[in-house]
Amino acid sequence: MGIIVISGTGTEIGKTIVTAAVAAVATAGGRSVAVLKPAQTGIGPDERGDADEVVRLSGARASAELGRFPEPLAPGTAARRAGLAPVGPREVAEAARKLAEEHDLVLVEGAGGLLVRFDEEGGTLADAAALLGAPVLVVTPAGLGTLNSTTLTAEALRARGIEQLGVVVGSWPAAPDLAARCNLVDLPEAAGAPLLGAVPEGSGALDPAEFRTAAGGWLGPELGGAWDAKAFTEAQAAPASVG
């Protein structure tokens, strides 16, 4: 897999930290990794973007951003309101292919969910993935509501003939509630794809050296790590219902 597209079922659910974990494991394995953020929204010109944060945490070799828009909105909306040119799927695919010529692995981190509009034509991250023929790794929250959004994302991928690599829980709580524990069992069925990891909440606050050391324990073998989905699910199993 020279290119992996990383999408979420929504916003603020841990995509950047999951991207950093995948990059850290691949980098530790000797692969040259580049991170591409097609559209960065909600930050100023001198602030650290998501791609920069992935490089800081993971030690990935390179990062690239195709567009930056100041308001925290969907990329297409943010570009329009800023009076700036949007970033379309073809630009994303072209940039990813160019990075793939120079790196072993390119991670394309989306903004928000899979079908958030990038431009006035309605282009999305799914369109970029289809142009690239690249698999999509879906990042999802742990708690209540995640099964519906994960199912909808999986259905959208299947309808477009795009491979879903699997699902990673973007922020596994230190004290998971009943819904989160049950969701570990139900997420693979909802996604129609394997559960490939669970990143502990607060992992982005770790020192980069600690982050890189720990990342392999959060991701399954399919992503280069040592995380065991069956063992983790059993260890976090919800107690039997009463009555």
# chains A, B, ... in the order shown; residues from 1 in each chain; ligands from 1
call {"tool": "residues_around", "arguments": {"residues": "stretch 68-84 of chain A", "least_positions_apart": "5", "cutoff": "9 Å", "atoms": "only C-alpha atoms", "output": "compact mmCIF listing (two decimals) with N, CA and C atoms, in the first residue's frame"}}
result
# COMPACT_ATOMS: atom_id res chain seq x y z
N PRO A 38 -5.03 17.64 2.36
CA PRO A 38 -5.54 18.39 1.22
C PRO A 38 -6.04 19.78 1.59
N ALA A 39 -6.85 19.87 2.64
CA ALA A 39 -7.43 21.15 3.02
C ALA A 39 -7.40 21.29 4.53
N GLN A 40 -6.68 22.28 5.01
CA GLN A 40 -6.59 22.56 6.44
C GLN A 40 -7.49 23.75 6.75
N THR A 41 -8.45 23.56 7.62
CA THR A 41 -9.35 24.65 7.96
C THR A 41 -9.26 24.99 9.45
N GLY A 42 -9.64 26.22 9.76
CA GLY A 42 -9.77 26.62 11.16
C GLY A 42 -8.51 27.07 11.85
N ILE A 43 -7.44 27.34 11.11
CA ILE A 43 -6.22 27.84 11.73
C ILE A 43 -5.61 28.94 10.87
N GLY A 44 -4.78 29.77 11.51
CA GLY A 44 -4.15 30.88 10.82
C GLY A 44 -2.92 30.47 10.04
N PRO A 45 -2.36 31.38 9.26
CA PRO A 45 -1.23 31.07 8.38
C PRO A 45 0.04 30.66 9.12
N GLY A 49 -0.29 23.08 11.43
CA GLY A 49 -1.40 22.33 10.86
C GLY A 49 -1.35 20.86 11.24
N ALA A 111 -10.56 15.95 5.91
CA ALA A 111 -11.11 16.93 6.84
C ALA A 111 -12.54 16.53 7.14
N GLY A 112 -12.84 16.30 8.42
CA GLY A 112 -14.18 15.87 8.77
C GLY A 112 -14.47 14.48 8.23
N VAL A 116 -17.63 15.18 3.06
CA VAL A 116 -17.58 16.64 3.20
C VAL A 116 -17.14 17.24 1.86
N ARG A 117 -17.80 18.30 1.46
CA ARG A 117 -17.52 18.90 0.15
C ARG A 117 -16.19 19.66 0.15
N PHE A 118 -15.39 19.40 -0.86
CA PHE A 118 -14.12 20.09 -1.05
C PHE A 118 -14.25 21.32 -1.94
N ASP A 119 -15.20 21.27 -2.88
CA ASP A 119 -15.28 22.34 -3.87
C ASP A 119 -16.73 22.56 -4.29
N GLU A 120 -16.94 23.52 -5.19
CA GLU A 120 -18.29 23.87 -5.63
C GLU A 120 -18.93 22.77 -6.48
N GLY A 122 -18.87 19.71 -5.66
CA GLY A 122 -19.27 18.64 -4.76
C GLY A 122 -18.23 17.54 -4.61
N GLY A 123 -17.00 17.80 -5.03
CA GLY A 123 -15.93 16.81 -4.89
C GLY A 123 -15.64 16.51 -3.43
call {"tool": "select_by_dssp", "arguments": {"residues": "stretch 25-171 of chain A", "states": "helix (DSSP H, G or I)", "output": "PyMOL selection string"}}
result
chain A and resi 25-28+50-58+75-82+89-100+125-132+146-159
call {"tool": "residues_around", "arguments": {"residues": "stretch 17-20 of chain A", "least_positions_apart": "5", "cutoff": "10 Å", "atoms": "only C-alpha atoms", "output": "JSON, numbers by chain"}}
result
{"A": [4, 5, 6, 7, 25, 26, 35, 50, 51, 52, 53, 54, 55, 56, 57, 58, 59, 60, 107, 108, 109, 137, 138, 139, 168, 169, 170, 171, 197, 198, 199, 200, 201, 202, 203, 204, 205, 211, 212, 215, 218, 219]}
call {"tool": "closest_residue", "arguments": {"among": "A:Pro208, A:Gly14, A:Pro176, A:Gly166", "to": "A:Ala190", "atoms": "only C-alpha atoms"}}
result
A:Gly166
call {"tool": "closest_residue", "arguments": {"among": "A:Ala64, A:Gly133, A:Ala100, A:Glu121", "to": "A:Pro86", "atoms": "only C-alpha atoms"}}
result
A:Glu121
call {"tool": "select_by_dssp", "arguments": {"residues": "stretch 30-182 of chain A", "states": "strand (DSSP E or B)", "output": "PyMOL selection string"}}
result
chain A and resi 33-41+62-69+105-113+136-140+164-172
call {"tool": "write_last_selection", "arguments": {"atoms": "C-alpha atoms", "output": "mmCIF file, in the first residue's frame"}}
result
data_model
loop_
_atom_site.group_PDB
_atom_site.id
_atom_site.type_symbol
_atom_site.label_atom_id
_atom_site.label_comp_id
_atom_site.auth_asym_id
_atom_site.auth_seq_id
_atom_site.Cartn_x
_atom_site.Cartn_y
_atom_site.Cartn_z
ATOM 1 C CA VAL A 33 6.479 8.373 5.025
ATOM 2 C CA ALA A 34 4.873 11.554 3.684
ATOM 3 C CA VAL A 35 1.686 13.107 5.033
ATOM 4 C CA LEU A 36 -0.724 15.020 2.807
ATOM 5 C CA LYS A 37 -3.456 17.284 4.202
ATOM 6 C CA PRO A 38 -5.535 18.393 1.218
ATOM 7 C CA ALA A 39 -7.427 21.150 3.022
ATOM 8 C CA GLN A 40 -6.594 22.560 6.439
ATOM 9 C CA THR A 41 -9.355 24.652 7.964
ATOM 10 C CA ALA A 62 7.631 15.039 4.839
ATOM 11 C CA SER A 63 4.325 16.877 5.006
ATOM 12 C CA ALA A 64 2.317 18.822 2.450
ATOM 13 C CA GLU A 65 -0.782 21.000 2.547
ATOM 14 C CA LEU A 66 -2.716 21.980 -0.570
ATOM 15 C CA GLY A 67 -4.962 24.644 0.896
ATOM 16 C CA ARG A 68 -5.423 26.496 4.181
ATOM 17 C CA PHE A 69 -8.582 28.350 5.105
ATOM 18 C CA LEU A 105 4.000 5.453 2.052
ATOM 19 C CA VAL A 106 1.740 8.482 1.624
ATOM 20 C CA LEU A 107 -0.990 9.134 4.185
ATOM 21 C CA VAL A 108 -3.781 11.422 2.965
ATOM 22 C CA GLU A 109 -5.684 12.824 5.941
ATOM 23 C CA GLY A 110 -9.131 14.166 5.174
ATOM 24 C CA ALA A 111 -11.109 16.933 6.837
ATOM 25 C CA GLY A 112 -14.185 15.868 8.767
ATOM 26 C CA GLY A 113 -16.086 12.954 7.251
ATOM 27 C CA VAL A 136 -9.555 4.113 3.105
ATOM 28 C CA LEU A 137 -8.865 3.707 6.806
ATOM 29 C CA VAL A 138 -11.876 4.897 8.800
ATOM 30 C CA VAL A 139 -11.399 6.584 12.173
ATOM 31 C CA THR A 140 -14.408 6.479 14.451
ATOM 32 C CA GLN A 164 -12.205 -0.008 3.285
ATOM 33 C CA LEU A 165 -8.985 -1.042 4.980
ATOM 34 C CA GLY A 166 -10.566 -1.205 8.417
ATOM 35 C CA VAL A 167 -11.621 0.843 11.416
ATOM 36 C CA VAL A 168 -9.570 2.447 14.199
ATOM 37 C CA VAL A 169 -11.089 3.957 17.339
ATOM 38 C CA GLY A 170 -9.559 7.424 17.409
ATOM 39 C CA SER A 171 -9.736 8.069 21.148
ATOM 40 C CA TRP A 172 -10.318 5.118 23.454
#
call {"tool": "atom_distance", "arguments": {"atom1": "atom CA of A:Thr233", "atom2": "atom CA of A:Leu144"}}
result
16.7 Å
call {"tool": "atom_distance", "arguments": {"atom1": "atom CA of A:Ala142", "atom2": "atom CA of A:Glu234"}}
result
15.6 Å
call {"tool": "closest_residue", "arguments": {"among": "A:Leu184, A:Ala175, A:Ala24, A:Ala130", "to": "A:Ala231", "atoms": "only C-alpha atoms"}}
result
A:Leu184
call {"tool": "atom_distance", "arguments": {"atom1": "atom CA of A:Gly220", "atom2": "atom CA of A:Glu155"}}
result
23.2 Å
call {"tool": "closest_residue", "arguments": {"among": "A:Gly143, A:Leu178, A:Ala209, A:Gly8", "to": "A:Ala240", "atoms": "only C-alpha atoms"}}
result
A:Leu178
call {"tool": "closest_residue", "arguments": {"among": "A:Thr11, A:Thr151, A:Thr146, A:Ser32", "to": "A:Ala193", "atoms": "only C-alpha atoms"}}
result
A:Thr151
call {"tool": "closest_residue", "arguments": {"among": "A:Gly225, A:Gly192, A:Pro135, A:Pro239", "to": "A:Thr27", "atoms": "only C-alpha atoms"}}
result
A:Gly225
